[in-house]
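Read the structure below first, then the notes.
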Amino acid sequence: MVSVLESNAELRRRAWNAAASVVDPEIPVLTIADLGVLRDVSVNEGGVEVAITPTYSGCPAMNMIALEIELALEKEGFPRPKVRTVLSPAWTTDWMSVEGRRKLREYGIAPPLASTSRRALFGEQCVACPQCGSENTELISEFGSTSCKALWRCRSCREPFDYFKCH
């Protein structure tokens, strides 16, 4: 239960940690904090509100994420939390944490290229294989296992892999 003796900063930290622990239902090795989907947590008069931004408009995972945030906050003692979707500014892969990119690679999904990559400068993509690290890869399909991923194949180890698309 939320204590009146706790400071607003402490309440916000607890609420942030609870919300940040929610995992993406499509990529369960990533938290919404890793993804940069968790935008803000505010606490006022004992209530908590969480702002989230979808990775793309119409992302089907957002309803589940909002529900999981509410459950995590209620479990932490915050009654009737509110989750607000923020569409502007639009989410970008630049908001993903370094830790999130590492987790993606270890999970077998190539993380998105940085905004300063050759693709950003020249429209060229050079995606490293998350299995063997080779950059001798090719795009198979712009559409992978979910809408935010593309399907690639490594020409060196011959393994297919998902690439988390840049936004």
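Starting from 1 in every chain, residues are counted up; chains themselves are A, B, ... following the order of the structure tokens, and ligands are numbered from 1 as listed.
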
*Run DSSP on the backbone and grab whatever in chain A lands in helix (DSSP H, G or I); send it over as a PyMOL selection string.*
chain A and resi 8-20+32-35+61-75+93-95+98-107+118-122

*asked:* Which residues are near stretch 131-135 of chain A? Cut-off 8 Å, only C-alpha atoms, ignore same chain within fewer than 5 positions. Put them as an MDAnalysis selection string.
replied: chainID A and resid 108 126 154 156:157 159

*Closest to A:Ser145 among A:Glu10, A:Glu26, A:Glu76, A:Asp40, using only C-alpha atoms?*
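The answer is A:Glu26, which sits nearest to A:Ser145.
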
*strand (DSSP E) positions in stretch 69-126 of chain A, given as an MDAnalysis selection string*: chainID A and resid 82:85 109:110

So that I have them on file, write out the residues from the current selection with C-alpha atoms, as a short mmCIF file (atom, residue, chain, number, x, y, z; two decimals), in the first residue's frame.
data_model
loop_
_atom_site.label_atom_id
_atom_site.label_comp_id
_atom_site.auth_asym_id
_atom_site.auth_seq_id
_atom_site.Cartn_x
_atom_site.Cartn_y
_atom_site.Cartn_z
CA LYS A 82 -3.68 5.12 -15.27
CA VAL A 83 -1.77 4.34 -18.46
CA ARG A 84 -1.71 7.02 -21.14
CA THR A 85 -0.53 6.50 -24.72
CA ILE A 109 17.40 -10.76 -33.29
CA ALA A 110 19.68 -8.24 -34.98
#

*Using only C-alpha atoms, determine which residues lie at most 9 Å from A:Ser57, disregarding the query and same-chain residues fewer than 2 positions distant; provide the list as a VMD selection string.*
chain A and resid 54 to 55 59 87 90

Write a file of the selected residues as a tab-separated table (two decimals), in the first residue's frame, keeping N, CA and C atoms.
chain	number	residue	atom	x	y	z
A	54	PRO	N	3.90	3.70	-28.37
A	54	PRO	CA	4.03	2.47	-29.15
A	54	PRO	C	5.20	2.52	-30.11
A	55	THR	N	5.77	1.36	-30.40
A	55	THR	CA	6.89	1.30	-31.34
A	55	THR	C	6.43	1.67	-32.75
A	59	CYS	N	0.38	-0.90	-32.99
A	59	CYS	CA	1.08	-2.07	-32.43
A	59	CYS	C	0.11	-2.86	-31.54
A	87	LEU	N	1.63	9.70	-28.49
A	87	LEU	CA	2.01	9.43	-29.88
A	87	LEU	C	3.02	10.42	-30.44
A	90	ALA	N	6.94	10.65	-32.08
A	90	ALA	CA	6.85	9.23	-32.43
A	90	ALA	C	8.07	8.48	-31.90
